[in-house]
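K.L.:
Okay, so here is query-v8.txt, and as you'll see once you scroll down, it has compact mmCIF, C-alpha atoms and all ligand atoms.
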# COMPACT_ATOMS: atom_id res chain seq x y z
CA MET A 18 52.03 33.45 -8.70
CA ALA A 19 49.46 30.94 -7.59
CA HIS A 20 50.01 28.07 -5.16
CA LEU A 21 48.23 25.06 -6.60
CA THR A 22 47.72 21.45 -5.48
CA TRP A 23 47.26 18.82 -8.19
CA ILE A 24 45.52 15.66 -7.01
CA LYS A 25 47.17 13.74 -9.82
CA ASN A 26 45.97 10.75 -11.84
CA PRO A 27 43.55 9.15 -9.38
CA LEU A 28 42.86 5.44 -9.58
CA ALA A 29 39.21 6.51 -9.99
CA ILE A 30 37.27 9.70 -9.44
CA LEU A 31 33.57 10.55 -9.11
CA ALA A 32 33.58 13.33 -11.72
CA GLU A 33 33.30 13.67 -15.49
CA ASN A 34 36.47 14.34 -17.54
CA ALA A 35 38.75 14.42 -14.52
CA GLU A 36 40.74 11.19 -15.00
CA GLY A 37 43.95 13.28 -14.83
CA GLY A 38 42.84 14.65 -11.48
CA ILE A 39 41.82 18.01 -10.09
CA VAL A 40 43.65 21.20 -9.29
CA VAL A 41 42.98 23.17 -6.10
CA GLU A 42 43.86 26.77 -5.33
CA ASP A 43 43.16 28.15 -1.87
CA GLN A 44 39.79 26.66 -0.95
CA GLU A 45 38.42 26.03 -4.44
CA ILE A 46 38.66 23.57 -7.30
CA VAL A 47 40.12 25.52 -10.23
CA GLU A 48 40.57 22.83 -12.86
CA LEU A 49 39.53 19.30 -13.81
CA VAL A 50 42.32 17.58 -15.73
CA PRO A 51 41.27 15.13 -18.49
CA ALA A 52 42.95 11.75 -18.95
CA GLY A 53 46.64 12.12 -19.85
CA GLY A 54 46.52 15.89 -19.35
CA SER A 55 48.42 18.33 -17.15
CA PRO A 56 47.24 21.45 -15.31
CA ALA A 57 47.05 24.59 -17.43
CA ALA A 58 49.19 26.43 -14.90
CA SER A 59 51.48 29.30 -15.92
CA SER A 60 55.24 28.93 -15.48
CA ASP A 61 55.06 31.24 -12.46
CA ASP A 62 52.67 28.99 -10.61
CA GLN A 63 53.90 26.72 -7.87
CA ILE A 64 52.37 23.24 -8.07
CA THR A 65 52.37 20.73 -5.24
CA ILE A 66 51.61 17.25 -6.55
CA PHE A 67 49.61 14.70 -4.56
CA ASP A 68 50.06 11.34 -6.24
CA ALA A 69 46.56 9.82 -6.17
CA SER A 70 47.32 6.78 -8.31
CA TYR A 71 46.27 4.50 -5.42
CA HIS A 72 43.28 6.61 -4.40
CA VAL A 73 39.58 6.65 -5.22
CA VAL A 74 38.52 10.30 -5.06
CA LEU A 75 34.98 11.31 -4.08
CA PRO A 76 33.42 14.68 -3.36
CA GLY A 77 33.46 15.09 0.42
CA LEU A 78 30.44 13.26 1.83
CA ILE A 79 27.69 15.40 3.36
CA ASN A 80 25.78 14.15 6.38
CA VAL A 81 22.39 15.84 6.66
CA HIS A 82 21.11 14.36 9.93
CA HIS A 83 22.96 13.50 13.12
CA HIS A 84 22.76 13.96 16.90
CA PHE A 85 26.37 14.21 18.06
CA TYR A 86 25.48 13.93 21.76
CA GLN A 87 24.09 10.45 21.22
CA THR A 88 27.61 9.06 20.78
CA LEU A 89 27.51 9.00 24.62
CA THR A 90 24.58 6.57 24.67
CA ARG A 91 25.52 4.03 22.01
CA ALA A 92 24.35 0.48 22.61
CA CYS A 93 22.73 1.69 25.82
CA PRO A 94 21.28 -1.28 27.73
CA VAL A 95 18.02 0.48 28.69
CA ALA A 96 17.26 1.37 25.06
CA ILE A 97 18.49 -1.38 22.78
CA ASN A 98 15.99 -3.60 20.97
CA LYS A 99 13.12 -1.10 21.16
CA PRO A 100 11.16 0.83 18.52
CA LEU A 101 11.18 4.63 18.43
CA PHE A 102 8.75 5.77 21.14
CA PRO A 103 9.83 3.31 23.89
CA TRP A 104 13.46 3.90 22.80
CA LEU A 105 13.03 7.65 23.26
CA LYS A 106 11.25 7.30 26.62
CA SER A 107 14.13 5.15 27.89
CA LEU A 108 16.74 7.67 26.83
CA TYR A 109 15.17 11.07 27.64
CA PRO A 110 15.98 10.86 31.40
CA LEU A 111 19.64 10.13 30.62
CA TRP A 112 19.92 12.89 28.06
CA ALA A 113 18.49 15.36 30.61
CA GLU A 114 21.80 14.94 32.49
CA LEU A 115 23.97 16.26 29.63
CA ASP A 116 26.49 18.96 30.52
CA GLY A 117 29.00 21.12 28.67
CA GLU A 118 31.94 18.77 29.10
CA MET A 119 29.91 15.88 27.67
CA MET A 120 28.68 18.01 24.77
CA GLY A 121 32.22 19.10 23.87
CA GLN A 122 33.62 15.58 23.94
CA ALA A 123 30.64 14.09 22.09
CA SER A 124 30.78 16.73 19.35
CA THR A 125 34.52 16.33 18.85
CA LEU A 126 34.30 12.56 18.76
CA ALA A 127 31.31 12.47 16.39
CA LEU A 128 32.96 14.96 14.04
CA ALA A 129 36.31 13.18 14.08
CA GLU A 130 34.62 9.81 13.51
CA SER A 131 32.65 11.35 10.62
CA MET A 132 35.73 12.95 9.03
CA LEU A 133 37.61 9.66 9.10
CA SER A 134 34.71 8.13 7.16
CA GLY A 135 34.84 10.75 4.37
CA CYS A 136 32.49 13.40 5.74
CA THR A 137 33.47 17.01 5.02
CA THR A 138 30.15 18.67 5.93
CA ALA A 139 28.11 17.56 8.92
CA SER A 140 24.68 18.68 10.03
CA ASP A 141 23.73 18.16 13.64
CA HIS A 142 20.23 18.31 15.09
CA HIS A 143 20.60 19.31 18.73
CA TYR A 144 17.38 19.79 20.70
CA LEU A 145 18.40 19.25 24.34
CA PHE A 146 19.25 22.27 26.45
CA PRO A 147 19.00 21.13 30.08
CA LYS A 148 19.98 23.61 32.82
CA ALA A 149 23.62 22.50 32.76
CA LEU A 150 23.84 22.97 28.99
CA PRO A 151 22.43 26.30 27.77
CA ASP A 152 25.26 26.73 25.25
CA ALA A 153 25.30 23.41 23.36
CA ILE A 154 25.49 25.01 19.89
CA ASP A 155 28.23 27.43 20.94
CA ILE A 156 30.25 24.42 22.10
CA GLN A 157 29.67 22.65 18.77
CA VAL A 158 30.81 25.68 16.76
CA LYS A 159 34.02 25.80 18.78
CA GLN A 160 34.78 22.10 18.31
CA ALA A 161 33.99 22.18 14.57
CA ASN A 162 36.25 25.19 14.05
CA MET A 163 39.04 23.39 15.89
CA LEU A 164 38.75 20.39 13.55
CA GLY A 165 38.29 22.54 10.42
CA VAL A 166 35.13 20.71 9.34
CA ARG A 167 32.16 22.35 7.64
CA VAL A 168 28.98 22.26 9.77
CA HIS A 169 25.29 23.05 9.52
CA LEU A 170 24.23 23.21 13.16
CA THR A 171 20.53 23.18 13.79
CA ARG A 172 19.13 24.86 16.89
CA GLY A 173 16.67 22.20 17.89
CA SER A 174 13.93 22.53 20.46
CA MET A 175 11.34 20.68 22.50
CA SER A 176 8.42 22.54 24.08
CA LEU A 177 5.72 19.87 24.37
CA GLY A 178 6.40 17.93 27.57
CA VAL A 179 4.28 15.13 29.01
CA ASP A 180 2.22 17.72 30.93
CA GLN A 181 1.10 19.17 27.57
CA GLY A 182 0.44 15.76 25.98
CA GLY A 183 3.89 15.40 24.42
CA LEU A 184 6.40 12.56 24.70
CA PRO A 185 9.49 14.03 26.47
CA PRO A 186 9.70 14.58 30.25
CA GLN A 187 9.12 18.13 31.46
CA SER A 188 12.78 18.52 32.52
CA THR A 189 13.91 18.34 28.88
CA VAL A 190 11.64 21.02 27.38
CA GLN A 191 12.08 24.80 27.24
CA ASP A 192 9.58 27.63 27.04
CA GLU A 193 9.05 29.13 23.61
CA ASP A 194 10.43 32.61 24.28
CA THR A 195 13.70 31.12 25.51
CA ILE A 196 13.92 28.93 22.41
CA LEU A 197 13.24 31.76 19.96
CA ASP A 198 15.55 34.24 21.71
CA ASP A 199 18.39 31.74 21.69
CA SER A 200 17.73 30.82 18.04
CA GLU A 201 17.98 34.48 17.06
CA ARG A 202 21.17 34.91 19.09
CA LEU A 203 22.81 31.92 17.37
CA ILE A 204 21.83 33.06 13.87
CA ASN A 205 23.26 36.53 14.51
CA LEU A 206 26.43 35.14 16.05
CA TYR A 207 27.35 32.24 13.77
CA HIS A 208 25.33 31.94 10.54
CA ASP A 209 27.43 32.62 7.44
CA PRO A 210 25.30 32.49 4.26
CA ASN A 211 28.19 33.15 1.84
CA PRO A 212 29.66 30.64 -0.64
CA GLY A 213 32.38 28.59 1.06
CA SER A 214 30.69 29.06 4.43
CA MET A 215 32.07 26.85 7.20
CA VAL A 216 29.22 27.37 9.70
CA GLN A 217 25.52 27.71 9.04
CA ILE A 218 22.64 27.68 11.50
CA ALA A 219 19.17 26.23 10.87
CA LEU A 220 16.14 26.04 13.14
CA ALA A 221 14.89 22.58 14.06
CA PRO A 222 11.91 21.97 16.35
CA CYS A 223 12.42 18.31 17.18
CA SER A 224 9.26 16.50 16.01
CA PRO A 225 5.45 16.77 15.99
CA PHE A 226 5.28 14.85 19.26
CA SER A 227 7.68 17.10 21.21
CA VAL A 228 6.93 20.61 19.92
CA SER A 229 3.82 22.81 20.06
CA THR A 230 2.04 23.99 16.91
CA GLU A 231 2.79 27.56 17.90
CA LEU A 232 6.55 26.87 18.03
CA MET A 233 6.50 25.22 14.60
CA LYS A 234 4.90 28.38 13.19
CA SER A 235 7.06 30.89 15.06
CA SER A 236 10.26 28.98 14.16
CA ALA A 237 9.30 29.20 10.47
CA LEU A 238 8.67 32.93 10.74
CA LEU A 239 12.00 33.51 12.47
CA ALA A 240 13.92 31.32 9.98
CA ARG A 241 12.44 33.20 7.04
CA LYS A 242 13.18 36.56 8.60
CA TYR A 243 16.88 35.63 8.54
CA GLY A 244 16.95 33.34 5.48
CA VAL A 245 18.05 30.25 7.41
CA ARG A 246 16.70 26.76 6.75
CA LEU A 247 14.25 24.62 8.70
CA HIS A 248 14.65 21.01 9.78
CA THR A 249 12.65 18.47 11.77
CA HIS A 250 11.91 14.76 12.11
CA LEU A 251 8.84 13.69 10.13
CA ALA A 252 7.03 10.52 9.06
CA GLU A 253 9.52 8.28 10.83
CA THR A 254 7.10 5.74 12.32
CA HIS A 255 3.45 4.69 12.35
CA ASP A 256 3.35 5.74 16.03
CA GLU A 257 4.03 9.30 14.90
CA THR A 258 1.21 9.20 12.33
CA GLU A 259 -1.17 7.95 15.04
CA PHE A 260 0.04 10.69 17.40
CA CYS A 261 -0.61 13.40 14.79
CA LEU A 262 -4.06 12.03 14.02
CA SER A 263 -5.09 11.92 17.67
CA MET A 264 -3.39 15.20 18.77
CA PHE A 265 -4.02 17.40 15.71
CA GLY A 266 -6.57 15.41 13.70
CA ARG A 267 -4.13 15.55 10.79
CA ARG A 268 -1.57 13.29 9.12
CA PRO A 269 2.06 14.50 9.46
CA VAL A 270 2.29 16.11 5.99
CA ASP A 271 -1.05 17.91 6.45
CA TYR A 272 0.20 19.16 9.78
CA LEU A 273 3.45 20.28 8.12
CA GLU A 274 1.46 22.29 5.60
CA ASP A 275 -0.75 23.80 8.33
CA VAL A 276 2.30 25.22 10.13
CA GLY A 277 3.83 26.71 6.97
CA TRP A 278 6.59 24.16 6.45
CA LEU A 279 5.70 22.73 3.03
CA ALA A 280 8.46 24.71 1.30
CA ASP A 281 11.87 24.38 -0.35
CA ASP A 282 13.77 25.80 2.65
CA VAL A 283 12.83 22.71 4.67
CA TRP A 284 14.51 19.33 4.91
CA LEU A 285 13.06 16.44 6.92
CA ALA A 286 14.76 13.58 8.70
CA HIS A 287 13.52 10.10 7.66
CA GLY A 288 10.40 10.83 5.57
CA ILE A 289 9.28 7.20 5.45
CA HIS A 290 5.51 6.94 5.82
CA PHE A 291 4.18 9.14 3.02
CA ASN A 292 1.34 8.10 0.72
CA ASP A 293 1.43 8.75 -3.06
CA GLU A 294 -0.47 12.00 -2.86
CA GLU A 295 1.81 13.32 -0.09
CA ILE A 296 4.92 12.52 -2.11
CA VAL A 297 3.60 14.61 -4.99
CA ARG A 298 2.93 17.55 -2.64
CA LEU A 299 6.36 17.29 -0.99
CA GLY A 300 8.11 17.09 -4.35
CA LYS A 301 6.19 20.01 -5.79
CA ALA A 302 7.13 22.11 -2.78
CA GLY A 303 10.79 21.00 -3.01
CA VAL A 304 10.98 19.70 0.57
CA GLY A 305 14.25 17.78 1.11
CA ILE A 306 14.49 14.34 2.73
CA ALA A 307 17.38 13.08 4.86
CA HIS A 308 17.36 9.32 4.30
CA CYS A 309 18.80 7.52 7.36
CA PRO A 310 18.95 3.82 6.44
CA SER A 311 20.84 2.38 9.44
CA SER A 312 18.64 4.11 11.99
CA ASN A 313 15.50 3.11 10.10
CA MET A 314 16.63 -0.52 10.19
CA ILE A 315 17.74 -0.51 13.84
CA LEU A 316 14.45 0.98 15.04
CA SER A 317 12.37 -1.11 12.58
CA SER A 318 10.91 2.16 11.27
CA GLY A 319 10.47 1.29 7.58
CA ILE A 320 12.01 2.06 4.17
CA ALA A 321 11.88 5.57 2.67
CA ARG A 322 10.53 5.88 -0.90
CA THR A 323 13.65 7.61 -2.20
CA LEU A 324 13.17 7.24 -5.94
CA GLU A 325 9.53 8.38 -5.93
CA LEU A 326 10.49 11.37 -3.77
CA GLU A 327 13.33 12.33 -6.14
CA LYS A 328 11.10 11.86 -9.16
CA ALA A 329 8.46 14.11 -7.57
CA GLY A 330 11.09 16.84 -7.11
CA SER A 331 12.38 16.40 -3.55
CA PRO A 332 16.13 16.47 -2.95
CA VAL A 333 17.14 13.25 -1.15
CA GLY A 334 20.26 13.34 1.01
CA LEU A 335 21.88 10.91 3.43
CA GLY A 336 22.16 11.04 7.21
CA VAL A 337 23.66 8.71 9.80
CA ASP A 338 21.09 9.89 12.39
CA GLY A 339 21.97 9.85 16.05
CA SER A 340 24.58 7.49 17.31
CA ALA A 341 22.10 5.89 19.70
CA SER A 342 20.13 4.53 16.74
CA ASN A 343 22.84 3.63 14.26
CA ASP A 344 25.08 3.35 16.44
CA GLY A 345 27.94 4.81 14.41
CA SER A 346 28.67 8.04 12.53
CA ASN A 347 30.29 6.48 9.48
CA MET A 348 29.21 8.13 6.23
CA ILE A 349 30.82 5.78 3.71
CA GLN A 350 29.23 2.84 5.52
CA GLU A 351 25.91 4.68 5.37
CA VAL A 352 26.31 4.90 1.59
CA ARG A 353 26.50 1.10 1.53
CA GLN A 354 23.53 0.79 3.91
CA ALA A 355 21.48 3.05 1.63
CA LEU A 356 22.26 0.87 -1.36
CA LEU A 357 21.38 -2.33 0.49
CA LEU A 358 18.18 -1.07 2.13
CA GLN A 359 16.87 0.60 -1.01
CA ARG A 360 17.39 -2.61 -2.98
CA LEU A 361 14.75 -4.17 -0.75
CA ARG A 362 12.29 -1.63 -2.14
CA TYR A 363 13.49 -1.25 -5.75
CA ASP A 364 15.14 -3.37 -8.44
CA ALA A 365 18.92 -3.79 -8.40
CA SER A 366 19.16 -1.96 -11.73
CA GLU A 367 17.37 1.08 -10.28
CA ILE A 368 19.59 1.43 -7.21
CA THR A 369 23.28 1.52 -8.07
CA HIS A 370 26.38 2.65 -6.21
CA GLN A 371 26.01 5.87 -8.23
CA SER A 372 22.53 6.37 -6.72
CA ALA A 373 23.91 6.00 -3.21
CA TYR A 374 26.80 8.39 -3.95
CA ARG A 375 24.31 10.88 -5.40
CA TRP A 376 22.35 10.94 -2.13
CA ALA A 377 25.49 11.40 -0.02
CA THR A 378 26.86 14.24 -2.16
CA GLU A 379 24.65 16.29 -4.52
CA GLY A 380 21.37 15.31 -2.86
CA SER A 381 22.67 16.18 0.60
CA ALA A 382 24.04 19.52 -0.67
CA ARG A 383 20.60 20.38 -2.06
CA CYS A 384 18.96 19.48 1.26
CA LEU A 385 21.24 22.05 2.92
CA GLY A 386 20.59 24.64 0.20
CA ARG A 387 24.23 24.59 -0.98
CA ASP A 388 25.46 24.72 -4.56
CA ASP A 389 29.16 25.12 -3.71
CA ILE A 390 29.72 21.61 -2.34
CA GLY A 391 28.67 18.05 -3.21
CA LYS A 392 30.16 17.91 -6.71
CA LEU A 393 33.70 18.02 -8.07
CA LYS A 394 33.54 20.92 -10.49
CA VAL A 395 35.41 24.15 -11.14
CA GLY A 396 34.43 26.88 -8.72
CA ASN A 397 33.18 24.49 -6.06
CA GLN A 398 34.79 24.14 -2.66
CA ALA A 399 37.76 21.76 -2.53
CA ASP A 400 36.13 19.15 -0.28
CA LEU A 401 37.52 15.72 -1.15
CA ALA A 402 37.46 12.24 0.34
CA LEU A 403 40.29 9.93 -0.78
CA PHE A 404 40.11 6.21 -0.12
CA LYS A 405 42.71 3.49 -0.74
CA LEU A 406 41.82 -0.04 -1.73
CA ASP A 407 44.63 -1.62 0.26
CA GLU A 408 42.69 -3.84 2.67
CA PRO A 409 41.84 -7.53 2.20
CA ARG A 410 38.18 -6.63 1.62
CA PHE A 411 39.07 -4.91 -1.67
CA SER A 412 41.46 -7.52 -3.03
CA GLY A 413 40.22 -8.79 -6.38
CA SER A 414 37.81 -5.90 -7.00
CA GLY A 415 37.31 -4.64 -10.56
CA ASP A 416 35.50 -1.28 -10.53
CA PRO A 417 37.14 0.93 -7.86
CA LEU A 418 34.12 3.25 -7.39
CA ALA A 419 31.77 0.29 -6.99
CA ALA A 420 34.28 -1.49 -4.74
CA LEU A 421 34.15 1.22 -2.06
CA VAL A 422 30.44 0.59 -1.61
CA LEU A 423 30.15 -3.11 -2.36
CA CYS A 424 33.24 -4.28 -0.45
CA GLY A 425 32.48 -2.02 2.52
CA ALA A 426 34.97 0.85 2.77
CA HIS A 427 35.01 2.39 6.23
CA GLN A 428 37.89 4.84 6.45
CA VAL A 429 39.57 7.48 4.30
CA ASP A 430 43.29 7.72 3.75
CA ALA A 431 43.05 11.49 3.23
CA LEU A 432 40.41 14.19 3.52
CA MET A 433 40.53 17.76 2.22
CA ILE A 434 38.12 20.44 3.44
CA ALA A 435 38.13 23.90 1.89
CA GLY A 436 41.53 23.17 0.37
CA ASP A 437 43.20 22.05 3.62
CA TRP A 438 44.23 18.49 4.44
CA ARG A 439 42.24 17.52 7.53
CA VAL A 440 43.11 13.81 7.40
CA ARG A 441 46.44 12.41 6.19
CA ASP A 442 47.53 8.78 6.32
CA GLY A 443 44.24 7.89 8.01
CA GLU A 444 44.75 10.29 10.92
CA ILE A 445 43.59 13.74 11.94
CA PRO A 446 46.69 15.85 12.55
CA ASP A 447 46.94 17.48 16.00
CA LEU A 448 44.16 15.34 17.46
CA ASP A 449 45.04 12.89 20.24
CA MET A 450 42.42 10.28 19.33
CA ALA A 451 43.36 7.89 22.16
CA GLU A 452 42.92 10.64 24.76
CA LEU A 453 39.66 11.80 23.14
CA MET A 454 38.22 8.28 23.17
CA HIS A 455 39.33 7.67 26.77
CA HIS A 456 37.69 10.89 28.00
CA HIS A 457 34.56 10.49 25.85
CA HIS A 458 34.02 6.86 26.82
CA ARG A 459 34.29 7.68 30.54
CA LEU A 460 31.65 10.40 30.16
CA GLY A 461 29.43 8.05 28.14
CA LEU A 462 29.43 5.45 30.90
CA LYS A 463 28.76 8.18 33.47
CA LEU A 464 25.74 9.41 31.49
CA GLN A 465 24.41 5.88 30.96
CA ALA A 466 24.73 5.21 34.71
CA SER A 467 22.65 8.30 35.52
CA SER A 468 19.39 6.43 34.86
CA VAL A 469 19.81 4.00 37.77
ZN ZN B 1 17.19 12.01 14.36
Go ahead and render the structure in this file as structure tokens.
P.N.:
Amino acid sequence: MAHLTWIKNPLAILAENAEGGIVVEDQEIVELVPAGGSPAASSDDQITIFDASYHVVLPGLINVHHHFYQTLTRACPVAINKPLFPWLKSLYPLWAELDGEMMGQASTLALAESMLSGCTTASDHHYLFPKALPDAIDIQVKQANMLGVRVHLTRGSMSLGVDQGGLPPQSTVQDEDTILDDSERLINLYHDPNPGSMVQIALAPCSPFSVSTELMKSSALLARKYGVRLHTHLAETHDETEFCLSMFGRRPVDYLEDVGWLADDVWLAHGIHFNDEEIVRLGKAGVGIAHCPSSNMILSSGIARTLELEKAGSPVGLGVDGSASNDGSNMIQEVRQALLLQRLRYDASEITHQSAYRWATEGSARCLGRDDIGKLKVGNQADLALFKLDEPRFSGSGDPLAALVLCGAHQVDALMIAGDWRVRDGEIPDLDMAELMHHHHRLGLKLQASSV
């Protein structure tokens, strides 16, 4: 006898031939039910029905670029209204004061905030390991397991301090042996490559202007030894291009190729300032791009060439980026931002709500090298985001799937991850959100005060 859950007769669903809903067993989708149909369950099976007639059902949204710790420095007075390099220089000294308590609270808050916005898989890029925080990734694994959310945690790194011609202060960088030893430890301890995996590790030297050439190369060798993916920031601003030209005599993509990173096990945050020839090379190699529209607008960085990149062969996913340059972690809002920003580059007919959903689901899954999430189909993980259209902003809307994006949805009613309900009635069970926010906010103000 099987225990099944039938998400029955949704108001709308982002899947083909599933108007009657979907059936979940354990952690997987086992059936798509066509319009007017019923599950093909045997008489022995036990079916729990979830009436979805007021819900719009999406595949769980997948965030492919975030910095959880930055939720502690949102709207930070020393950093607001600045472009990337001055913004970073203002924030590095604060971030050097991070400790374990802050990391735990920031990770929990960022994940909870993400889940409430429809995110079922979150990737974090963490590259700060000051003396008081050697175990940042271990803390993140613990908090993600507690919330039951799927994570791809990237062991970031910075090794090029100001003394070596880099951007970050010396107190925020680590030596390369320490970085590689810890990366290997984390892969061995936490990385699960199997279908349905809840925790994966990737290696993520921070950016060309904060990491040595040697570390870029050795990280790639280590990642390939273990079959884990590689991630970094690239082509975010013109400042970065100038830095690469003066430091390495190469444009960012040439530099990426030099260090062995032009490959399909790599995904890049931002990927804005590529020329035509570079887009062809990236696409041919299958390098993924994490499009981060809100951050790119806040820092005046530019507009990624998403359609050309996809056409060339690059997976394009969606990321909220750090919460000091967004300053939120809301995935369904980021879907809307992607639609709006990309319409400044392309025609309205080329960028639809379906395009934006594609980036946040299938495109993001491809960036992370996953084929078991990102699409509602039989055999895939049961990761679902369910939204209701019961707020004034939706009143009078015609197409429910378009309405979520165009009217500005911001919170799920329910969220399922690996077959378990992780949000019901707009709340995360067993999480005291008021207490979490109180504690987190206090630590945020403490961190922001550490610069003066
Ligand atoms: Zn970032």
K.L.:
Quick one: contact table of chain A to ligand ZN 1 (chain B), 8 Å max, nearest atom pair and distance in Å to one decimal per residue, counting all atoms listed in the file, chain and number order, as a Markdown table?
P.N.:
| residue | atom | partner | partner_atom | distance |
| --- | --- | --- | --- | --- |
| A:His82 | CA | B:ZN1 | ZN | 6.4 |
| A:His83 | CA | B:ZN1 | ZN | 6.1 |
| A:His84 | CA | B:ZN1 | ZN | 6.4 |
| A:His142 | CA | B:ZN1 | ZN | 7.0 |
| A:His250 | CA | B:ZN1 | ZN | 6.4 |
| A:Ala286 | CA | B:ZN1 | ZN | 6.4 |
| A:His287 | CA | B:ZN1 | ZN | 7.9 |
| A:Asp338 | CA | B:ZN1 | ZN | 4.9 |
| A:Gly339 | CA | B:ZN1 | ZN | 5.5 |
K.L.:
Any chance you could export the current selection's C-alpha atoms as a PDB file, in the frame of the given file?
P.N.:
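Contents of the output file again-v7.pdb:
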ATOM      1  CA  HIS A  82      21.110  14.360   9.930  1.00  0.00           C
ATOM      2  CA  HIS A  83      22.960  13.500  13.120  1.00  0.00           C
ATOM      3  CA  HIS A  84      22.760  13.960  16.900  1.00  0.00           C
ATOM      4  CA  HIS A 142      20.230  18.310  15.090  1.00  0.00           C
ATOM      5  CA  HIS A 250      11.910  14.760  12.110  1.00  0.00           C
ATOM      6  CA  ALA A 286      14.760  13.580   8.700  1.00  0.00           C
ATOM      7  CA  HIS A 287      13.520  10.100   7.660  1.00  0.00           C
ATOM      8  CA  ASP A 338      21.090   9.890  12.390  1.00  0.00           C
ATOM      9  CA  GLY A 339      21.970   9.850  16.050  1.00  0.00           C
TER      10      GLY A 339
END
K.L.:
Just the number, please: distance in Å from CA of Glu36 in chain A to CA of Pro51 in chain A, one decimal.
P.N.:
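Atom-to-atom, CA of Glu36 in chain A to CA of Pro51 in chain A, that is 5.3 Å.
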K.L.:
Nearest to Thr189 in chain A among A:Gly266, A:Gly415, A:Gly165, A:Pro110, with distances taken over only C-alpha atoms: which residue is it?
P.N.:
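Nearest to Thr189 in chain A: A:Pro110.
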K.L.:
Kindly indicate which residue among A:Val41, A:Leu177, A:Ala161, A:Met264 lies nearest to Asp141 in chain A, using only C-alpha atoms for the distances.
P.N.:
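Nearest to Asp141 in chain A: A:Ala161.
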K.L.:
Taking all atoms listed in the file into account, name the residue in A:Ala219, A:Leu111, A:Ala129, A:Ile79 that is nearest to Ile204 in chain A.
P.N.:
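Counting all atoms listed in the file, the residue closest to Ile204 in chain A is A:Ala219.
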K.L.:
Please tabulate, as JSON lines, the residues of range 294-378 of chain A that come within 9 Å of range 87-92 of chain A, each with its closest pair of atoms and the distance in Å to one decimal, counting all atoms listed in the file and ordering rows by chain, then residue number upward.
P.N.:
{"residue": "A:Gly339", "atom": "CA", "partner": "A:Gln87", "partner_atom": "CA", "distance": 5.6}
{"residue": "A:Ser340", "atom": "CA", "partner": "A:Thr88", "partner_atom": "CA", "distance": 4.9}
{"residue": "A:Ala341", "atom": "CA", "partner": "A:Arg91", "partner_atom": "CA", "distance": 4.5}
{"residue": "A:Ser342", "atom": "CA", "partner": "A:Arg91", "partner_atom": "CA", "distance": 7.6}
{"residue": "A:Asn343", "atom": "CA", "partner": "A:Arg91", "partner_atom": "CA", "distance": 8.2}
{"residue": "A:Asp344", "atom": "CA", "partner": "A:Arg91", "partner_atom": "CA", "distance": 5.6}
{"residue": "A:Gly345", "atom": "CA", "partner": "A:Thr88", "partner_atom": "CA", "distance": 7.7}
{"residue": "A:Ser346", "atom": "CA", "partner": "A:Thr88", "partner_atom": "CA", "distance": 8.4}
K.L.:
Which residues are near Asp155 in chain A? Cut-off 12 Å, only C-alpha atoms, ignore same chain within fewer than 3 positions. Put them as an MDAnalysis selection string.
P.N.:
chainID A and resid 117 120:121 124 143 146 150:152 158:162 170:172 199:200 202:204 206:208 216 218
K.L.:
Figure out the distance between CA of Glu45 in chain A and CA of Ala32 in chain A, please, to one decimal in Å.
P.N.:
15.4 Å
K.L.:
Ranking A:Ser229, A:Ser70, A:Ser134, A:Asn397 by minimum distance to Asp192 in chain A and counting all atoms listed in the file, which one comes first?
P.N.:
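Selected residue with least distance to Asp192 in chain A: A:Ser229.
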K.L.:
What does the structure give for the distance between CA of His255 in chain A and CA of Leu279 in chain A, in Å to one decimal?
P.N.:
20.4 Å
K.L.:
Would you compute an axis-aligned box for range 377-383 of chain A, covering every atom listed for it in the file with 8 Å of margin on each side, and report centre and edge lengths in Å to one decimal as JSON?
P.N.:
{"center_x": 23.7, "center_y": 15.9, "center_z": -2.0, "size_x": 22.3, "size_y": 25.0, "size_z": 21.1}
K.L.:
Determine the nearest neighbour of Glu114 in chain A from the options A:Pro147, A:Pro27, A:Gly38, A:Gly305, counting all atoms listed in the file.
P.N.:
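Selected residue with least distance to Glu114 in chain A: A:Pro147.
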K.L.:
With a distance cut-off of 10 Å and all atoms listed in the file, select the neighbouring residues of Ala399 in chain A, excluding the residue or stretch itself and same-chain residues fewer than 6 positions from it, and output the selection as a PyMOL selection string.
P.N.:
chain A and resi 39-47+76-77+137+213+389-393+433-437
K.L.:
Compare A:Pro210, A:Gly336, A:Pro100, A:Pro310 by their minimum atom-to-atom distance to Leu357 in chain A, counting only C-alpha atoms, and give me the closest one.
P.N.:
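Nearest to Leu357 in chain A: A:Pro310.
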K.L.:
Within 12 Å of Ser107 in chain A, counting only C-alpha atoms, which residues qualify if same-chain residues fewer than 6 places away don't, as a ChimeraX atom specification?
P.N.:
/A:90,93-101,113,184-186,341,465,467-469
K.L.:
Any chance you can output those residues with C-alpha atoms as a compact mmCIF listing (two decimals), in the coordinates of the input?
P.N.:
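Writing done, so here's result-v1.txt:
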# COMPACT_ATOMS: atom_id res chain seq x y z
CA THR A 90 24.58 6.57 24.67
CA CYS A 93 22.73 1.69 25.82
CA PRO A 94 21.28 -1.28 27.73
CA VAL A 95 18.02 0.48 28.69
CA ALA A 96 17.26 1.37 25.06
CA ILE A 97 18.49 -1.38 22.78
CA ASN A 98 15.99 -3.60 20.97
CA LYS A 99 13.12 -1.10 21.16
CA PRO A 100 11.16 0.83 18.52
CA LEU A 101 11.18 4.63 18.43
CA ALA A 113 18.49 15.36 30.61
CA LEU A 184 6.40 12.56 24.70
CA PRO A 185 9.49 14.03 26.47
CA PRO A 186 9.70 14.58 30.25
CA ALA A 341 22.10 5.89 19.70
CA GLN A 465 24.41 5.88 30.96
CA SER A 467 22.65 8.30 35.52
CA SER A 468 19.39 6.43 34.86
CA VAL A 469 19.81 4.00 37.77
